[in-house]
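Student: Please find input-v2.csv (CSV, C-alpha atoms) on the next line:
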chain,number,residue,atom,x,y,z
A,199,MET,CA,71.5,-110.9,0.4
A,200,THR,CA,70.0,-114.4,1.1
A,201,ALA,CA,71.7,-114.5,4.5
A,202,ASP,CA,70.6,-111.0,5.3
A,203,ARG,CA,67.0,-111.9,4.5
A,204,MET,CA,67.2,-115.1,6.5
A,205,LEU,CA,68.5,-113.3,9.5
A,206,LEU,CA,66.1,-110.4,9.3
A,207,SER,CA,63.2,-112.8,8.9
A,208,LEU,CA,64.2,-115.1,11.8
A,209,VAL,CA,65.2,-112.4,14.3
A,210,GLY,CA,62.1,-110.2,13.3
A,211,ARG,CA,59.7,-113.1,13.7
A,212,ASN,CA,61.1,-114.1,17.1
A,213,LEU,CA,61.1,-110.4,18.2
A,214,LEU,CA,57.4,-110.1,17.3
A,215,LEU,CA,56.5,-113.3,19.0
A,216,ALA,CA,58.4,-112.3,22.2
A,217,LEU,CA,56.8,-108.8,22.2
A,218,VAL,CA,53.2,-110.1,21.7
A,219,GLY,CA,53.8,-112.8,24.4
A,220,LEU,CA,55.2,-110.3,26.9
A,221,VAL,CA,52.6,-107.6,26.4
A,222,GLY,CA,49.8,-110.2,26.6
A,223,LEU,CA,51.2,-111.7,29.8
A,224,PHE,CA,51.6,-108.3,31.5
A,225,LEU,CA,48.0,-107.3,30.5
A,226,LEU,CA,46.6,-110.6,31.7
A,227,VAL,CA,48.4,-110.3,35.1
A,228,ASP,CA,47.3,-106.7,35.5
A,229,LEU,CA,43.7,-107.6,34.6
A,230,LEU,CA,43.6,-110.5,37.2
A,231,GLU,CA,45.0,-108.1,39.9
A,232,SER,CA,42.6,-105.3,39.0
A,233,VAL,CA,39.4,-107.1,38.1
A,234,GLY,CA,37.9,-106.8,41.6
A,235,ARG,CA,38.5,-103.0,41.8
A,236,LEU,CA,37.2,-102.5,38.2
A,237,LEU,CA,34.0,-104.4,39.0
A,238,ASP,CA,33.5,-102.6,42.3
A,239,GLY,CA,33.8,-99.3,40.5
A,240,GLY,CA,31.0,-100.3,38.1
A,241,ALA,CA,33.2,-100.1,35.0
A,242,GLY,CA,31.6,-101.6,31.9
A,243,LEU,CA,33.3,-103.8,29.3
A,244,VAL,CA,33.9,-100.9,26.9
A,245,ILE,CA,35.6,-98.7,29.5
A,246,VAL,CA,37.8,-101.6,30.6
A,247,MET,CA,38.8,-102.3,27.0
A,248,GLN,CA,39.6,-98.6,26.5
A,249,PHE,CA,41.6,-98.5,29.7
A,250,TYR,CA,43.8,-101.4,28.7
A,251,ALA,CA,44.1,-100.1,25.2
A,252,THR,CA,45.7,-97.0,26.6
A,253,LYS,CA,48.3,-99.1,28.4
A,254,VAL,CA,49.5,-100.9,25.3
A,255,PRO,CA,51.8,-98.2,23.9
A,256,ALA,CA,53.7,-97.8,27.2
A,257,LEU,CA,54.0,-101.5,27.6
A,258,ILE,CA,55.4,-101.9,24.1
A,259,LEU,CA,57.9,-99.2,24.8
A,260,GLN,CA,59.0,-100.7,28.1
A,261,LEU,CA,59.2,-104.3,26.7
A,262,LEU,CA,60.8,-103.7,23.3
A,263,PRO,CA,64.4,-104.0,24.6
A,264,VAL,CA,63.4,-107.3,26.3
A,265,ALA,CA,61.8,-108.6,23.2
A,266,LEU,CA,64.7,-107.5,21.1
A,267,VAL,CA,67.2,-109.4,23.2
A,268,VAL,CA,65.0,-112.4,23.5
A,269,GLY,CA,64.3,-112.5,19.8
A,270,ALA,CA,67.9,-112.1,18.7
A,271,GLY,CA,69.2,-114.6,21.3
A,272,THR,CA,66.7,-117.3,20.5
A,273,ALA,CA,67.1,-116.8,16.7
A,274,PHE,CA,70.9,-117.4,16.9
A,275,ALA,CA,70.3,-120.3,19.3
A,276,GLN,CA,68.1,-121.9,16.6
A,277,LEU,CA,70.8,-121.3,14.0
A,278,GLY,CA,73.4,-122.9,16.2
A,279,ARG,CA,71.3,-125.9,17.0
A,280,HIS,CA,71.0,-126.7,13.3
A,281,LEU,CA,74.7,-126.0,12.6
A,282,GLU,CA,73.8,-123.1,10.3
A,283,LEU,CA,76.2,-120.8,12.1
A,284,ARG,CA,79.1,-123.2,11.1
A,285,ALA,CA,77.9,-123.2,7.5
A,286,LEU,CA,77.8,-119.3,7.5
A,287,ALA,CA,81.3,-119.2,9.1
A,288,ALA,CA,82.6,-121.6,6.5
A,289,ALA,CA,81.2,-119.4,3.8
A,290,GLY,CA,83.3,-116.5,5.2
A,291,LEU,CA,80.5,-114.7,7.0
A,292,GLY,CA,82.1,-113.6,10.3
A,293,PRO,CA,80.5,-111.6,13.2
A,294,GLY,CA,80.9,-108.3,11.4
A,295,ARG,CA,79.1,-109.4,8.3
A,296,LEU,CA,76.3,-111.1,10.3
A,297,LEU,CA,75.9,-108.0,12.3
A,298,ARG,CA,74.8,-105.9,9.3
A,299,PRO,CA,71.1,-107.1,9.0
A,300,VAL,CA,70.7,-107.3,12.8
A,301,ALA,CA,72.1,-103.8,13.2
A,302,MET,CA,69.5,-102.6,10.6
A,303,LEU,CA,66.7,-104.2,12.7
A,304,VAL,CA,68.1,-102.8,15.9
A,305,PHE,CA,68.2,-99.3,14.4
A,306,LEU,CA,64.5,-99.6,13.3
A,307,VAL,CA,63.5,-100.7,16.8
A,308,ALA,CA,65.4,-97.8,18.3
A,309,VAL,CA,63.6,-95.4,16.0
A,310,ALA,CA,60.3,-97.0,16.8
A,311,MET,CA,60.9,-96.6,20.5
A,312,MET,CA,61.7,-92.9,20.1
A,313,ALA,CA,58.6,-92.4,18.0
A,314,LEU,CA,56.4,-94.2,20.6
A,315,SER,CA,57.8,-92.2,23.5
A,316,GLN,CA,57.3,-88.9,21.7
A,317,TRP,CA,53.9,-89.4,19.9
A,318,ALA,CA,52.1,-92.5,21.1
A,319,VAL,CA,52.8,-92.9,24.8
A,320,PRO,CA,52.0,-89.3,26.0
A,321,PRO,CA,48.5,-89.1,24.6
A,322,ALA,CA,47.7,-92.7,25.6
A,323,THR,CA,48.9,-92.1,29.2
A,324,ARG,CA,46.8,-88.9,29.4
A,325,ASN,CA,43.7,-90.8,28.2
A,326,MET,CA,44.5,-93.5,30.8
A,327,GLU,CA,44.7,-91.0,33.6
A,328,SER,CA,41.4,-89.3,32.5
A,329,LEU,CA,39.7,-92.7,32.6
A,330,MET,CA,41.1,-93.5,36.0
A,331,GLN,CA,40.0,-90.1,37.4
A,332,GLY,CA,36.6,-90.3,35.7
A,333,SER,CA,34.9,-93.5,34.5
A,334,LEU,CA,36.9,-95.8,36.8
A,335,GLY,CA,36.4,-93.5,39.8
A,336,ARG,CA,39.9,-93.9,41.2
A,337,LEU,CA,40.1,-90.4,42.6
A,338,ASP,CA,37.7,-88.8,45.0
A,339,SER,CA,36.7,-85.2,45.7
A,340,SER,CA,39.6,-84.7,48.2
A,341,TRP,CA,42.1,-85.2,45.3
A,342,ARG,CA,40.4,-82.6,43.2
A,343,PHE,CA,40.4,-80.2,46.2
A,344,PHE,CA,44.1,-80.4,46.8
A,345,ARG,CA,44.7,-80.3,43.0
A,346,THR,CA,42.9,-77.0,42.7
A,347,HIS,CA,43.9,-75.3,46.0
A,348,LEU,CA,47.6,-74.7,45.7
A,349,TRP,CA,50.0,-72.3,47.4
A,350,PHE,CA,52.6,-70.2,45.6
A,351,ALA,CA,55.4,-67.9,46.8
A,352,ALA,CA,55.3,-64.6,45.0
A,353,GLY,CA,58.1,-62.7,46.6
A,354,GLU,CA,59.9,-63.0,49.9
A,355,ASN,CA,56.9,-62.0,52.1
A,356,ARG,CA,53.9,-62.9,49.9
A,357,LEU,CA,51.9,-66.1,49.7
A,358,ILE,CA,49.2,-66.7,47.1
A,359,ARG,CA,46.6,-69.5,47.3
A,360,LEU,CA,44.8,-70.3,44.1
A,361,GLY,CA,41.5,-72.0,43.5
A,362,PRO,CA,40.6,-73.3,40.0
A,363,ARG,CA,42.6,-71.7,37.2
A,364,THR,CA,43.2,-72.1,33.5
A,365,VAL,CA,46.1,-74.1,32.1
A,366,ASP,CA,48.0,-71.0,31.0
A,367,GLY,CA,47.7,-69.4,34.5
A,368,LYS,CA,46.1,-66.2,33.2
A,369,ARG,CA,42.6,-66.7,34.7
A,370,MET,CA,42.0,-67.7,38.3
A,371,ARG,CA,39.1,-67.9,40.8
A,372,ALA,CA,38.9,-67.9,44.6
A,373,VAL,CA,42.4,-66.4,45.2
A,374,THR,CA,43.8,-65.5,48.6
A,375,VAL,CA,46.8,-63.3,49.0
A,376,LEU,CA,48.7,-63.0,52.3
A,377,ASP,CA,51.4,-60.3,53.0
A,378,LEU,CA,53.7,-61.1,55.9
A,379,ASP,CA,56.2,-59.1,57.8
A,380,GLU,CA,59.8,-60.1,58.6
A,381,ALA,CA,58.6,-62.0,61.7
A,382,PHE,CA,56.1,-64.0,59.5
A,383,HIS,CA,53.2,-62.2,61.0
A,384,LEU,CA,50.2,-61.4,58.8
A,385,LYS,CA,50.0,-57.8,57.7
A,386,ARG,CA,47.4,-57.8,55.0
A,387,ARG,CA,45.0,-60.2,53.4
A,388,TRP,CA,43.1,-60.1,50.1
A,389,ASP,CA,40.2,-62.4,49.2
A,390,ILE,CA,39.7,-62.1,45.5
A,391,GLY,CA,36.8,-63.5,43.5
A,392,LYS,CA,38.5,-63.5,40.1
A,393,VAL,CA,42.0,-62.6,38.8
A,394,ARG,CA,42.8,-61.9,35.1
A,395,TRP,CA,46.1,-61.2,33.4
A,396,ARG,CA,45.9,-58.4,30.7
A,397,ASP,CA,48.5,-59.0,28.0
A,398,SER,CA,48.1,-55.4,26.7
A,399,GLU,CA,49.3,-53.9,30.0
A,400,GLY,CA,51.4,-56.8,31.3
A,401,ALA,CA,49.6,-56.6,34.7
A,402,TRP,CA,47.1,-58.5,36.9
A,403,TYR,CA,43.6,-57.2,37.7
A,404,GLY,CA,41.4,-58.5,40.5
A,405,TYR,CA,37.6,-58.4,40.8
A,406,SER,CA,35.3,-58.6,43.8
A,407,ILE,CA,38.1,-58.0,46.3
A,408,GLN,CA,37.9,-58.0,50.1
A,409,GLU,CA,41.0,-56.4,51.7
A,410,ARG,CA,41.9,-56.7,55.4
A,411,ASP,CA,44.7,-54.6,56.9
A,412,PHE,CA,46.1,-55.9,60.2
A,413,SER,CA,48.1,-53.0,61.4
A,414,PRO,CA,49.1,-52.4,65.1
A,415,GLU,CA,46.6,-49.6,65.3
A,416,GLY,CA,43.8,-52.0,64.5
A,417,SER,CA,42.4,-54.0,61.5
A,418,ARG,CA,40.6,-52.3,58.6
A,419,PHE,CA,38.3,-53.8,56.0
A,420,LYS,CA,37.8,-52.6,52.4
A,421,VAL,CA,35.9,-53.8,49.4
A,422,HIS,CA,37.1,-53.2,45.8
A,423,LYS,CA,35.1,-53.9,42.7
A,424,GLU,CA,38.2,-53.9,40.5
A,425,LEU,CA,41.8,-53.3,41.4
A,426,LYS,CA,45.2,-53.5,39.6
A,427,LEU,CA,47.3,-55.9,41.6
A,428,ASP,CA,51.0,-55.3,42.4
A,429,TRP,CA,52.1,-58.8,41.7
A,430,ALA,CA,55.8,-59.1,40.6
A,431,VAL,CA,55.2,-62.5,38.9
A,432,GLY,CA,53.7,-63.3,35.5
A,433,PRO,CA,51.2,-66.0,34.5
A,434,ASP,CA,54.0,-68.5,33.8
A,435,ARG,CA,54.4,-68.7,37.6
A,436,PHE,CA,50.9,-70.2,37.8
A,437,GLN,CA,50.9,-72.4,34.7
A,438,ASP,CA,49.5,-75.9,35.2
A,439,LEU,CA,52.3,-78.4,35.4
A,440,SER,CA,50.2,-81.4,36.1
A,441,GLY,CA,50.9,-84.7,34.5
A,442,ARG,CA,53.5,-87.4,34.9
A,443,PRO,CA,56.7,-87.4,32.7
A,444,ALA,CA,55.2,-90.2,30.6
A,445,GLU,CA,52.4,-87.8,29.6
A,446,LYS,CA,54.7,-85.2,28.1
A,447,SER,CA,56.6,-84.9,24.9
A,448,LEU,CA,60.3,-83.8,24.8
A,449,ALA,CA,59.4,-80.2,24.4
A,450,GLU,CA,56.9,-80.4,27.3
A,451,LEU,CA,59.4,-82.1,29.5
A,452,GLU,CA,61.9,-79.4,28.9
A,453,ALA,CA,59.4,-76.6,29.5
A,454,THR,CA,58.1,-78.2,32.7
A,455,ALA,CA,61.7,-78.6,34.0
A,456,GLN,CA,62.3,-74.9,33.3
A,457,ALA,CA,59.1,-73.9,35.0
A,458,LEU,CA,59.8,-76.0,38.1
A,459,LEU,CA,63.3,-74.5,38.3
A,460,SER,CA,61.8,-71.0,38.1
A,461,ARG,CA,59.5,-71.8,41.0
A,462,GLY,CA,62.4,-73.1,43.1
A,463,LEU,CA,61.4,-76.7,42.8
A,464,ASP,CA,63.6,-79.7,41.9
A,465,PRO,CA,63.2,-80.6,38.2
A,466,ALA,CA,65.5,-83.7,38.5
A,467,GLU,CA,62.6,-86.2,37.6
A,468,TRP,CA,61.7,-84.3,34.5
A,469,ILE,CA,65.3,-83.9,33.3
A,470,LEU,CA,65.9,-87.6,33.9
A,471,ALA,CA,62.8,-88.4,31.8
A,472,TRP,CA,64.1,-86.1,29.0
A,473,HIS,CA,67.4,-87.9,28.9
A,474,MET,CA,65.8,-91.3,29.2
A,475,ARG,CA,63.8,-90.7,26.0
A,476,TRP,CA,67.2,-90.8,24.2
A,477,SER,CA,69.2,-93.3,26.3
A,478,TYR,CA,66.6,-96.0,26.6
A,479,PRO,CA,66.5,-96.9,22.8
A,480,ILE,CA,70.3,-96.7,22.7
A,481,LEU,CA,70.4,-99.1,25.7
A,482,ALA,CA,68.2,-101.6,23.8
A,483,ALA,CA,70.8,-101.6,20.9
A,484,LEU,CA,73.7,-101.9,23.3
A,485,LEU,CA,72.2,-105.0,24.9
A,486,VAL,CA,72.2,-106.7,21.5
A,487,PHE,CA,75.8,-105.6,20.7
A,488,VAL,CA,77.1,-106.9,24.0
A,489,MET,CA,75.9,-110.5,23.4
A,490,PHE,CA,76.2,-110.6,19.6
A,491,PRO,CA,79.8,-112.0,19.4
A,492,LEU,CA,78.8,-114.8,21.8
A,493,TRP,CA,75.6,-115.5,19.9
A,494,VAL,CA,77.3,-115.9,16.5
A,495,SER,CA,80.2,-118.0,17.7
A,496,PRO,CA,80.0,-121.3,15.8
A,497,ALA,CA,81.7,-123.2,18.6
A,498,ARG,CA,78.8,-122.5,21.0
A,499,ARG,CA,75.7,-124.7,20.7
A,500,ARG,CA,73.0,-123.5,23.0
A,501,SER,CA,69.4,-124.7,23.6
A,502,LEU,CA,66.5,-122.3,23.5
A,503,ALA,CA,66.2,-122.6,27.3
A,504,MET,CA,69.9,-121.4,27.7
A,505,ALA,CA,69.2,-118.6,25.2
A,506,LEU,CA,66.2,-117.5,27.3
A,507,LEU,CA,68.2,-117.7,30.5
A,508,GLU,CA,71.0,-115.6,29.1
A,509,SER,CA,68.6,-113.0,27.8
A,510,ALA,CA,66.8,-112.9,31.1
A,511,GLY,CA,70.0,-112.4,33.0
A,512,LEU,CA,71.2,-109.6,30.7
A,513,VAL,CA,67.9,-107.8,30.8
A,514,SER,CA,67.7,-108.2,34.6
A,515,LEU,CA,71.1,-106.7,35.0
A,516,ALA,CA,70.2,-103.7,32.8
A,517,PHE,CA,66.9,-103.0,34.6
A,518,GLY,CA,68.6,-103.4,38.0
A,519,LEU,CA,71.2,-100.9,37.1
A,520,LEU,CA,68.6,-98.5,35.8
A,521,ALA,CA,66.7,-98.8,39.1
A,522,VAL,CA,69.9,-98.1,41.0
A,523,CYS,CA,70.6,-95.0,38.9
A,524,ARG,CA,67.0,-93.7,39.4
A,525,PHE,CA,67.3,-94.1,43.2
A,526,SER,CA,70.7,-92.4,43.0
A,527,VAL,CA,69.1,-89.4,41.1
A,528,SER,CA,66.2,-89.2,43.6
A,529,GLY,CA,68.8,-89.2,46.5
A,530,ASP,CA,70.9,-86.5,44.8
A,531,LEU,CA,73.8,-88.9,44.4
A,532,LEU,CA,73.8,-88.6,40.6
A,533,SER,CA,72.8,-85.9,38.3
A,534,PRO,CA,69.8,-86.7,36.0
A,535,ALA,CA,72.1,-86.8,33.0
A,536,TRP,CA,74.4,-89.3,34.6
A,537,GLY,CA,71.5,-91.3,35.9
A,538,ALA,CA,70.2,-91.8,32.4
A,539,TRP,CA,73.4,-92.4,30.6
A,540,ALA,CA,75.6,-94.3,33.1
A,541,VAL,CA,74.0,-97.6,32.2
A,542,CYS,CA,74.5,-97.0,28.5
A,543,ILE,CA,78.2,-96.2,29.2
A,544,PHE,CA,78.6,-99.4,31.2
A,545,PHE,CA,77.1,-101.6,28.4
A,546,ALA,CA,79.0,-99.7,25.7
A,547,MET,CA,82.3,-100.6,27.5
A,548,ALA,CA,81.0,-104.2,27.9
A,549,ALA,CA,80.3,-104.4,24.2
A,550,LEU,CA,83.8,-103.2,23.4
A,551,ALA,CA,85.2,-105.8,25.7
A,552,THR,CA,83.2,-108.7,24.1
A,553,TRP,CA,84.0,-107.6,20.6
A,554,PHE,CA,87.7,-107.2,21.3
A,555,SER,CA,87.8,-110.6,23.0
A,556,SER,CA,86.0,-112.2,20.0
A,557,LEU,CA,88.3,-110.6,17.4
A,558,TRP,CA,91.4,-111.5,19.5
A,559,SER,CA,90.4,-115.1,19.7
A,560,ARG,CA,90.0,-115.3,15.9
A,561,ARG,CA,93.6,-114.2,15.3
Reformat the file's structure so that it appears as structure tokens.

Tutor:
Amino acid sequence: MTADRMLLSLVGRNLLLALVGLVGLFLLVDLLESVGRLLDGGAGLVIVMQFYATKVPALILQLLPVALVVGAGTAFAQLGRHLELRALAAAGLGPGRLLRPVAMLVFLVAVAMMALSQWAVPPATRNMESLMQGSLGRLDSSWRFFRTHLWFAAGENRLIRLGPRTVDGKRMRAVTVLDLDEAFHLKRRWDIGKVRWRDSEGAWYGYSIQERDFSPEGSRFKVHKELKLDWAVGPDRFQDLSGRPAEKSLAELEATAQALLSRGLDPAEWILAWHMRWSYPILAALLVFVMFPLWVSPARRRSLAMALLESAGLVSLAFGLLAVCRFSVSGDLLSPAWGAWAVCIFFAMAALATWFSSLWSRR
């Protein structure tokens, strides 16, 4: 128990120091790069502090694997420099026994990462986006125009342009409906002031409607105060799917992917994000398991600089492979599931190889 407490204390302390240092460094660099734009936008000190507070959960999530590898690597380098690893080996504590407290800490970090990605990062990212769109003035009126004037296909020969609408897609304003013939010529056009979905009837109703019929015999114009619309799609077709993957929980990612698929759009980015919520914490654990047999070898004496260099190399390899997999998914070379789990499989095989090599050398 004394060895377990010593390892937990040392690795945990180094992990926290590395995490605080990395998060602080990233925030400082971002502030130095953005201070000019923030001042030009007239943002006050309170708004700037709120803005950077919303960035902290996502930064912690992204940097926890790095801090974990750096913390564990430097902790065992310290033990090796003071010959404590040799003393532990002489007492009969091999790699498997030393792994137990570290594995406990790795498990807690993985659980913390999953909790952050599910409950902390999405609301913080949504708040950050609202600050950037509002108080920080990043987005102008043209963005809002294109955000609220969207085109939807509602059948083979029908296009619908929506103005502002509710999140559930059941209430809309400034709606234009175009009916086209087989040659893509305009047959009929409706300009509708308001559209409502009635759950009791399962149908759409339009109000303040101007109808134009462009038949070969000549165009006709009609005005309807209220009219039941013959739309074959339901309100789920027009639900608001705004927001980046980081702004959504697992259930919201799955629902968004299904909605995109039903609209004929590619949901690969959302499916990839769903899988990454599970694979990223596991990758953090695998990075530690890959290096652990080398870290606890009593024959290796490393300096802190060497430990930092090894950790940086390992993390760079992991993030480089993740970037390659993301590009492969976006280019339809890999499925989203393979894009998320391929790196984990690679490091799982590497961990098996390093542990087998370590055990074989001890025979």

Student: So which one's closest to Ala289 (chain A), A:Val304, A:Ala265, A:Ala201, A:Val233? Using all atoms listed in the file, please.

Tutor: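 Of the candidates, the smallest distance to Ala289 (chain A) is held by A:Ala201.
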
Student: Give as a list in words the set of residues within 7 Å of the point (46.6, -65.3, 50.8), where distances use the file's coordinates and only C-alpha atoms.

Tutor: Leu357, Ile358, Arg359, Thr374, Val375, Leu376, Arg387 and Trp388 of chain A

Student: For region 286-379 of chain A against region 449-458 of chain A, with a cut-off of 12 Å and counting all atoms listed in the file, what is the closest atom pair and its distance in Å to one decimal for every residue that makes the cut, ordered by chain and number, as JSON lines?

Tutor:
{"residue": "A:Ser315", "atom": "CA", "partner": "A:Leu451", "partner_atom": "CA", "distance": 11.9}
{"residue": "A:Gln316", "atom": "CA", "partner": "A:Ala449", "partner_atom": "CA", "distance": 9.3}
{"residue": "A:Trp317", "atom": "CA", "partner": "A:Ala449", "partner_atom": "CA", "distance": 11.6}
{"residue": "A:Pro320", "atom": "CA", "partner": "A:Glu450", "partner_atom": "CA", "distance": 10.2}
{"residue": "A:Phe350", "atom": "CA", "partner": "A:Leu458", "partner_atom": "CA", "distance": 11.9}

Student: Next, the residues of the selection above should be written as a short mmCIF file (atom, residue, chain, number, x, y, z; two decimals), keeping the file's coordinate frame with C-alpha atoms.

Tutor:
data_model
loop_
_atom_site.label_atom_id
_atom_site.label_comp_id
_atom_site.auth_asym_id
_atom_site.auth_seq_id
_atom_site.Cartn_x
_atom_site.Cartn_y
_atom_site.Cartn_z
CA SER A 315 57.80 -92.20 23.50
CA GLN A 316 57.30 -88.90 21.70
CA TRP A 317 53.90 -89.40 19.90
CA PRO A 320 52.00 -89.30 26.00
CA PHE A 350 52.60 -70.20 45.60
#

Student: Which one of A:Leu257, A:Ala466, A:Ala505, A:Ala482 sits closest to Ser533 (chain A) if you count all atoms listed in the file?

Tutor: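 Ranking A:Leu257, A:Ala466, A:Ala505, A:Ala482 by distance to Ser533 (chain A), first place goes to A:Ala466.
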
Student: Could you state the separation of CA of Phe419 (chain A) and CA of Ile407 (chain A) in Å, given to one decimal place?

Tutor: 10.6 Å

Student: Write out as number ranges by chain the residues lying within 10 Å of Gly353 (chain A), counting only C-alpha atoms and excluding same-chain residues fewer than 5 positions away.

Tutor: A: 358, 377, 429-431

Student: Which residue out of A:Leu261, A:Val494, A:Ala251, A:Met489 has the minimum interatomic distance to Thr552 (chain A) when all atoms listed in the file are used?

Tutor: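 The shortest atom-to-atom distance to Thr552 (chain A) comes from A:Met489.
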
Student: Write out as a list in words which residues come within 8 Å of Pro534 (chain A) when counting only C-alpha atoms, dropping same-chain ones fewer than 4 positions away.

Tutor: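 Close residues of Pro534 (chain A): Ala466, Glu467, Ile469, Leu470, His473, Val527 and Ala538 of chain A.
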
Student: Which residue out of A:Pro255, A:Gly400, A:Gly234, A:Gly222 has the minimum interatomic distance to Pro321 (chain A) when all atoms listed in the file are used?

Tutor: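 For Pro321 (chain A), the nearest of the given residues is A:Pro255.
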
Student: With 12 Å as the threshold, what does the neighbourhood of (55.0, -107.8, 30.1) contain in terms of residues, counting all atoms listed in the file? Coordinates are those of the file; answer as an MDAnalysis selection string.

Tutor: chainID A and resid 216:228 253:265
